[in-house]
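Beneath this line is the structure, given in structure tokens, with notes to follow.
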Amino acid sequence: MIHSPRGVEDLLPQQTLQYQWIEKEAAFLFSLYGYEPIRIPTFERTELFLRSLGKETDAGKQMYTFKDKKGRSLSLRPEATASVVRAYLQHKLYGHSGEWKVYYMGPMFRYERPQAARLREFRQIGVEAIGEISPQLDVEVIEIGAEFFKKIGLANFHIQLNSIGCKRCRPVYEDQLKEYFKLNLANLCSNCRRRYQYNILRVLDCKKKECQPTIKGAPVIGDYLCEDCQDHFKKVRTGLKDAHIEFSIDPHLVRGLDYYTRTIFEIVSSLLGPQATICAGGRYDDLVEELGGPSIPAIGFAIGVDRLLVALKKEHKELHPQYSSVIHIATLDQEGLTAGYSLARILRGQGIRTRVNFSLKSLSSQLKIADKRRARWVIIVGGKEVEEGKFILRDMESGHQEKIGWDEVKHLDRRLKGNG
RNA sequence: GUGAGCGUAGCUCAGCUGGUUAGAGCACUGGACUGUGGCUCCAGGGGUCGGGGGUUCAAAUCCCCUCGCUCACCCCA
């Protein structure tokens with residue numbers, strides 16, 4: 001037997017219905033804020049991701065990269081932001097006035113060792129807003145995230161916020177950090193000593209106990225933000241307060257990718273353990289320019305749908321109601337099957353979910369099947385009923401049954417309304 | 001990339017100090033009920049014990065390799 005590749009899974013009908021439900025809610029909510037749907041390619045030139053993610057990270061190593069027949073290097077998308085920006089530039093959308101707001105949903109790919117709530121193919125839903133610097137937009141984006149989780153019914157989530165400055169003030173802070181940690185290098189774990197070399201900010205994010213005292217004493221980014229960044233951050237905070245959105249400032253919240261600036265935020269579920277982040281986002285005011293476009297600010301976030309569903313299950317949330325056919329047609333012989341199928345057509349024409357039993361098994365077992373599939377009604381059709389032109393309609397809840405003719409079948413939707 | 005635990009029926013698992021035909025519960029199929037579900041009872045089907053190699057008179061059980069799953073580290077978009 002051929003098994004699916006590692007870290008890649010099938011979403012069986014019950015699960016797929018859950019994803020569809022989440023996607024539908026997201027699309028509706030995002031549209032209320034003026035975001036429009038976009039679909040971007042599943043793979044891109046590898047260079048696009050390498051340039052956007054930053055060379056210092058080992059993100060490149062965690063991509064599914066392959067050569068096409070002409071020898072070009074392509075990669076399955078590990079995230080969507082780079083593609084959205086690329087599309088924005090490719091279609092020269094900056095020529096239009098006003099910001100460009102889009103949302104996307106779909107699978108992403110990362111070559112990592114799978115573990116709890118982390119797969120090689122996983123699904124994200126995200127928004128990107130390109131072309132506006134106003135802090136009020138930051139508020140809007142964060143608000144959308146919070147509203148979404150609320151709407152989905154997630155009880156246990158928390159917003160963490162920070163500003164990591166811009167290309168003018170962040171280097172100053174990083175220098176200060178380097179100087180500080182240089183003196184305390186011996187007190188850091190081996191990992192942090194490594195991180196010290198290639199991504200100093202991530203040291204702040206370390207969870208090891210041994211590092212905590214040193215991290216606590218480290219300079220805080222807030223003290224080094226330039227005037228513009230400080231002002232921006234302040235407006236975001238007051239905007240969130242005005243909107244009654246709860247959040248906490250985490251001065252140690254950082255990003256592994258190079259392209260983030262100023263506002264960054266995460267939404268975490270405390271029930272998830274090591275993979276607690278269900279939404280991550282922030283500003284990326286320099287990325288458009290870095291990818292070869294004009295200097296245009298932007299912001300966005302991505303939600304990890306698989307993780308969200310895990311969190312919902314941990315909260316014992318009742319997920320999307322299970323689909324089942326409303327009417328099950330039990331057919332007792334060949335005449336019954338032929339007639340039963342015609343009945344099904346009429347019912348489906350009325351928008352009633354109908355399933356016909358093809359197997360001609362005993363009525364007893366067909367009822368059993370109908371019961372298992374949670375059909376509310378069963379129509380029983382055999383040669384006798386065909387001859388008579390009347391069929392048995394059985395209510396599976398009460399056990400009550402009656403005979404109905406073709407005319408009644410044609411209007412069955414009215415009878416079942418609010419009853420099935 | 002590193003480390004740990006686990007692979008026995010469709011599912012959850014027992015059996016594992018080597019010893020006849022490898023078990024249970026649930027699920028499935030059929031019957032009691034010859035054309036009426038859920039409950040009950042009865043019967044039945046279903047397993048290369050993940051795969052390969054080794055030790056042995058004898059391996060699900062012990063050893064090695066391999067594949068897979070799970071979790072943690074790493075990384076985190």
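So you can find residues: chains in the structure tokens are A, B, ... in the order shown, residues in each start at 1, and ligands are numbered from 1 in order.
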
Shell of 8 Å around range 45-49 of chain B, only C-alpha atoms (C1' of nucleotides), local chain residues under 2 positions omitted, as an MDAnalysis selection string = chainID B and resid 8:9 22 29 60

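If we count only C-alpha atoms (C1' of nucleotides), these residues of chain B sit within 9 Å of chain A: C33, G35, U36, G37, G38, G68, U70, C71, A72, C75, C76 and A77 of chain B.
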
query = When DSSP works through the backbone of this structure, what residues of range 221-338 of chain A end up as helix (DSSP H, G or I), shown as a ChimeraX atom specification?
reply = /A:221-223,227-242,287-290,305-314,334-338

ask   = Quick one: DSSP strand (DSSP E or B) residues in range 294-402 of chain A, as a count of residues only?
value = 28

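The nearest approach to Gly131 in chain A among the residues A:Tyr284, A:Phe181, A:Phe66, A:Tyr259, with only C-alpha atoms taken into account, belongs to A:Tyr284.
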
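Around Leu11 in chain A, within 12 Å and counting only C-alpha atoms (C1' of nucleotides), the residues found are A:Ser4, A:Thr16, A:Leu17, A:Gln18, A:Tyr19, A:Gln20, A:Glu121, A:Phe122, A:Arg123, A:Asp306, once anything fewer than 5 positions away on its own chain is removed.
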
Output for the residues just chosen: C-alpha atoms as a PDB file, in the first residue's frame:
ATOM      1  CA  SER A   4       0.645   9.537   1.969  1.00  0.00           C
ATOM      2  CA  THR A  16     -13.211  19.061   5.421  1.00  0.00           C
ATOM      3  CA  LEU A  17     -16.584  20.339   6.529  1.00  0.00           C
ATOM      4  CA  GLN A  18     -14.896  21.943   9.529  1.00  0.00           C
ATOM      5  CA  TYR A  19     -12.352  23.661   7.322  1.00  0.00           C
ATOM      6  CA  GLN A  20     -15.068  24.858   4.997  1.00  0.00           C
ATOM      7  CA  GLU A 121       1.406  20.730   4.476  1.00  0.00           C
ATOM      8  CA  PHE A 122      -0.742  22.983   6.586  1.00  0.00           C
ATOM      9  CA  ARG A 123      -3.416  25.559   5.925  1.00  0.00           C
ATOM     10  CA  ASP A 306      -5.004  23.341  11.636  1.00  0.00           C
TER      11      ASP A 306
END

request  = Between CA of Ile133 in chain A and CA of Ile296 in chain A, measure the distance and give it in Å to one decimal.
outcome  = 8.4 Å

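In this model, the gap between CA of Tyr104 in chain A and CA of Ile38 in chain A comes to 5.5 Å.
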
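The smallest atom-to-atom distance between Lys234 in chain A and any of A:Leu161, A:Val84, A:Ala344, A:Ile40, using only C-alpha atoms, is found for A:Leu161.
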
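Near Gln212 in chain A, within 12 Å and counting only C-alpha atoms (C1' of nucleotides), sit Asn184, Asn187, Leu188, Cys189, Cys192, Val203, Leu204, Asp205, Cys206, Lys207, Lys208, Lys209, Glu210, Thr214, Ile215, Lys216, Gly217, Ala218 and His252 of chain A, not including residues fewer than 2 positions from it in the same chain.
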
How about saving the chosen residues, N, CA and C atoms kept, as a PDB file, in the first residue's frame?
ATOM      1  N   ASN A 184      27.373  39.105  28.947  1.00  0.00           N
ATOM      2  CA  ASN A 184      26.702  38.047  29.713  1.00  0.00           C
ATOM      3  C   ASN A 184      26.639  36.713  28.971  1.00  0.00           C
ATOM      4  N   ASN A 187      26.304  33.382  30.648  1.00  0.00           N
ATOM      5  CA  ASN A 187      25.081  33.035  31.375  1.00  0.00           C
ATOM      6  C   ASN A 187      23.965  32.533  30.457  1.00  0.00           C
ATOM      7  N   LEU A 188      24.258  32.506  29.169  1.00  0.00           N
ATOM      8  CA  LEU A 188      23.219  32.081  28.231  1.00  0.00           C
ATOM      9  C   LEU A 188      23.370  30.607  27.866  1.00  0.00           C
ATOM     10  N   CYS A 189      22.253  30.004  27.438  1.00  0.00           N
ATOM     11  CA  CYS A 189      22.303  28.609  27.021  1.00  0.00           C
ATOM     12  C   CYS A 189      23.042  28.511  25.679  1.00  0.00           C
ATOM     13  N   CYS A 192      21.314  30.027  22.729  1.00  0.00           N
ATOM     14  CA  CYS A 192      21.300  31.484  22.666  1.00  0.00           C
ATOM     15  C   CYS A 192      22.653  32.029  22.253  1.00  0.00           C
ATOM     16  N   VAL A 203      17.115  35.848  20.974  1.00  0.00           N
ATOM     17  CA  VAL A 203      17.565  35.504  22.323  1.00  0.00           C
ATOM     18  C   VAL A 203      16.501  35.930  23.341  1.00  0.00           C
ATOM     19  N   LEU A 204      15.863  37.049  23.068  1.00  0.00           N
ATOM     20  CA  LEU A 204      14.834  37.555  23.974  1.00  0.00           C
ATOM     21  C   LEU A 204      13.673  36.579  24.113  1.00  0.00           C
ATOM     22  N   ASP A 205      13.505  35.774  23.096  1.00  0.00           N
ATOM     23  CA  ASP A 205      12.366  34.871  23.009  1.00  0.00           C
ATOM     24  C   ASP A 205      12.636  33.524  23.677  1.00  0.00           C
ATOM     25  N   CYS A 206      13.854  33.336  24.188  1.00  0.00           N
ATOM     26  CA  CYS A 206      14.252  32.027  24.725  1.00  0.00           C
ATOM     27  C   CYS A 206      13.429  31.688  25.966  1.00  0.00           C
ATOM     28  N   LYS A 207      13.048  30.412  26.067  1.00  0.00           N
ATOM     29  CA  LYS A 207      12.218  30.017  27.201  1.00  0.00           C
ATOM     30  C   LYS A 207      13.011  29.319  28.300  1.00  0.00           C
ATOM     31  N   LYS A 208      14.286  29.064  28.028  1.00  0.00           N
ATOM     32  CA  LYS A 208      15.106  28.345  29.015  1.00  0.00           C
ATOM     33  C   LYS A 208      15.242  29.145  30.311  1.00  0.00           C
ATOM     34  N   LYS A 209      15.137  28.410  31.416  1.00  0.00           N
ATOM     35  CA  LYS A 209      15.203  29.077  32.716  1.00  0.00           C
ATOM     36  C   LYS A 209      16.528  29.799  32.911  1.00  0.00           C
ATOM     37  N   GLU A 210      17.598  29.135  32.504  1.00  0.00           N
ATOM     38  CA  GLU A 210      18.918  29.691  32.756  1.00  0.00           C
ATOM     39  C   GLU A 210      19.125  31.058  32.095  1.00  0.00           C
ATOM     40  N   THR A 214      19.206  36.839  32.689  1.00  0.00           N
ATOM     41  CA  THR A 214      19.973  37.690  31.774  1.00  0.00           C
ATOM     42  C   THR A 214      19.033  38.472  30.856  1.00  0.00           C
ATOM     43  N   ILE A 215      18.006  37.763  30.356  1.00  0.00           N
ATOM     44  CA  ILE A 215      17.069  38.429  29.442  1.00  0.00           C
ATOM     45  C   ILE A 215      16.329  39.555  30.153  1.00  0.00           C
ATOM     46  N   LYS A 216      16.002  39.297  31.408  1.00  0.00           N
ATOM     47  CA  LYS A 216      15.275  40.314  32.163  1.00  0.00           C
ATOM     48  C   LYS A 216      16.045  41.612  32.266  1.00  0.00           C
ATOM     49  N   GLY A 217      17.343  41.499  32.361  1.00  0.00           N
ATOM     50  CA  GLY A 217      18.164  42.694  32.516  1.00  0.00           C
ATOM     51  C   GLY A 217      18.515  43.378  31.199  1.00  0.00           C
ATOM     52  N   ALA A 218      18.091  42.790  30.106  1.00  0.00           N
ATOM     53  CA  ALA A 218      18.486  43.315  28.799  1.00  0.00           C
ATOM     54  C   ALA A 218      17.799  44.636  28.491  1.00  0.00           C
ATOM     55  N   HIS A 252       9.439  41.289  24.703  1.00  0.00           N
ATOM     56  CA  HIS A 252      10.340  40.251  24.202  1.00  0.00           C
ATOM     57  C   HIS A 252       9.785  39.528  22.980  1.00  0.00           C
TER      58      HIS A 252
END
